[in-house]
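Reviewing the structure listed below.
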Amino acid sequence: MGSNHRSENPPILNSLAASDDELNPAQRAAVEHFEGPLLTVAGPGSGKTRVITHRIARLLERGVPGEQILALTFTNKAANEMRARVQALVPGNRVWLGTFHRFCAQLLRRHASYAGLEENYSIYDTSDSRKAIKRVMESLDIDASHFTPERIASAISWAKNNLATAESFEPRSGRPLDSMVARVFPAYQALLLASNAVDFDDLLLHVATMLRDQPELRTALDAHYRFILVDEYQDTNLVQYAIVRALSIDYPHLAVTGDPDQSIYGWRGANLKNILEFERDYPQVKVIRLEQNYRSTPNILRVADALIAHNVKRKAKVLRTDLSEGLPVNLVAHGSHKREAEAIAARIAQDLQDGHRRARDFAVFYRVNALSRSLEFALHEQGVPYQIVRGVEFFQRKEIKDVLAYLHLLNNPRDDLALLRIINVPPRGIGKQTIQKLQDFALLHGMPLLAALRDPAFAESLNARSRKAIQKFARFWEHLFPLSESPLEEVVGQVLSTSGYQAALAESESEEDVERLANIEELLTVAREFDERHAGPGGLEAFLEETSLVNDTDDWEEETDRVTLMTLHASKGLEFPVVFITALEQGLLPHERSRESLDQLEEERRLLFVGITRAREELQLSWALRREFRGQRRMTIASEFLMELPREQMRVETHEEEDELDFFPPPPPAPKPALRPRDVNVSLTTAAELGGVQTDAPPQASYAADQFHQGMLVRHPEYGLGKIVALSGNGERRRATVAFASAAGEKKFILASSPLRPASNGNS
């Protein structure tokens, strides 16, 4: 479809033409494509960011107004990098470039009334939304012992990511969890609406619903954003797909870039079909493959290609590079997780001592955050500086969330959840009975809690002491509200001082409060830095939106000279000269959940592929024969993925007395999903409730104390089936408290001399 464009853009720098000369033929074809749909299948390290940014610059050069270009990605880091590159190519451009959630948050503020909201709505993070669900469950008198708020929140999130609203959600027959969700979902949404709040998933779902139900708005937005570019398209879920599809009907100039082999967010709702079936949605699409890799050595790429070739759901491609062969990929077996960590730390320390590398050249990846502990200890022992990338951690600290709750309530006085968090923080003499009276008064008069708190009629209903505390708190808000448009640093400073929060921490002598004081003072620094880059009104609202949409890698300091520790999921989009991938063991990578589904197993393989292709020059994969994890010490089995690698082209090592290890044992037997039903809570009342699983373990002479762990199912010759509910002690003195299904109840045993033996399905 043709488009009329008028040039309203600043002149393109000469550097654009010069840098265009550096594009390879496939990259240039993607950059030069003008109108109509485009699918760029971009392998890791193939220069997709260069393609996207140069394509934006080329559209501007052709006269497309910047405000008609919308570029969407998934992380703030990627968005910031792209924005800087486009700005360097075309200074002063007006292209909107950012994450899906930020785009939808801003779009929703402009059209909030369509969703029944006001533009100053609050965004609830994961912990806030779970608290809201807990309140709903309590109001509905639902027992949380069987269906926890976390479990229901996850189910509601999954429903929203698949375009289901509270009204349209339909429970599936025979699924008790779905029936419970059907009760909680509508009440949860009503609470959000009354609080003028949304959760993360609502940001997308409200926009998708608006585009579906408001045809005039959809048409206007389609015409406004005529050229849409989507990065990491393989990570889009159904609701993101619906948004992009709705905005590219009249002007289908949709250019998506992605790689099915790097789709690793299925557990968040990412739908691999979106990229695999793009040609079906847009039959006139032009497909371009970027297979030239500019990051990794051929040795690393051969390992990556050999691994991912075992996946079925993919778009076949072969990575190639003109770089030198480099060092072989290391495959290392260790006797224990401790030796694995010590060897990695020693290797890094030696390279730093020899001057071969800087600390920031190294990254260590693992499947779950819980595996970082031994690595942290080993690096500390070697004196190696390191950073752990857990982006949302700062903003999830209690003291930071407390201060942010004050700010949320200042911005959105209907935010009841924020008020309940800080009404007596720091302690100001407002007790539970007063808070309950406040909630009852607000419910009776149909008003938000803060409005009820400031109502003189409510204060008159209290005793003198409570009335004084409430009136003082109300005066605090009368003082604070006029400051809402002040610079953010001033607002935060007023909150800290006038509320008494900072003084309460400063007066405390506990080490924990000293650390909390340092953290809230760091928040002042964050506020000051925000003020430096945000001029004009709306700063408070913009800051709260920004802090609500923090990504996993937002706190990664690229220029800091420290070793980086992070999960494989967090490593997406990054690269390092030297990469260590640890704990390649069955149950960890691939994760134990993947035994239930071939699709999940393929995603685990893609996760390892992503980790491998983060390495530029050196890569080491390792596993340990024994690992202590989640309170239990266990023997491990090497990951089945290690058996899919081209070992003849790799350097295989075992350490010291570990050379007798059977490095590549036969693959485990095929999984039997029927023995691991979803959403079934194992009970101890009868063996039948174990779903027919045979619980008798094969006879053994004896069992070491370390083989028993918290929550394990065990069998006693007299008392029968039981479950370990507590452990204590070490070595010969290690004790277990077991709750038996029989009338025996709870019994304690010294494990070294007890007749207990593990049941074969020993994990509860």
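Labels for the structure tokens follow display order: chains A, B, ..., residues from 1 in each chain, ligands from 1.
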
**OP:** From the DSSP assignment of the backbone, select every residue of region 175-304 of chain A that is strand (DSSP E), and format the answer as a list of chain:residue names.
**Re:**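 Secondary structure check on region 175-304 of chain A, strand (DSSP E): A:Ala197, A:Val198, A:Asp199, A:Phe227, A:Ile228, A:Leu229, A:Val230, A:His253, A:Leu254, A:Ala255, A:Val256, A:Thr257, A:Gly258, A:Lys286, A:Val287, A:Ile288, A:Arg289, A:Leu290.
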
Original post:
Got a sec: who's within 9 Å of Val384 (chain A), counting only C-alpha atoms, leaving out chain neighbours fewer than 5 positions off, as a ChimeraX atom specification?
Top reply: /A:345,348-349,352,359,378-379,562-563

Original post:
Taking into account only C-alpha atoms, which residue in the set A:Ile228, A:Ala452, A:Tyr406, A:Gln433 is nearest to Leu480 (chain A)?
Top reply: A:Tyr406

Subject >> region 335-343 of chain A environment, 9 Å, only C-alpha atoms, sequence neighbours closer than 4 positions dropped, as a list in words >> reply: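 Everything that qualifies: Arg347, Ile348, Ser374, Leu375, Glu376, Phe377, Ala378, Leu379, Glu381, Gln382, Thr582, Ala583, Ser622, Trp623, Ala624, Leu625, Arg626, Arg627, Glu628, Thr654, His655, Glu656, Glu657, Glu658 and Leu661 of chain A.
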
Subject >> From A:Leu607, A:Leu319, A:Ala638, A:Leu443, residue lying nearest Glu585 (chain A) [only C-alpha atoms] >> reply: A:Ala638

Subject >> Nearby residues (only C-alpha atoms) at most 12 Å from Val41 (chain A), same-chain spacing under 5 positions excluded, as a PyMOL selection string >> reply: chain A and resi 26-27+30+46-48+51+231-234+255-262+275-276+278+286-292+314-319
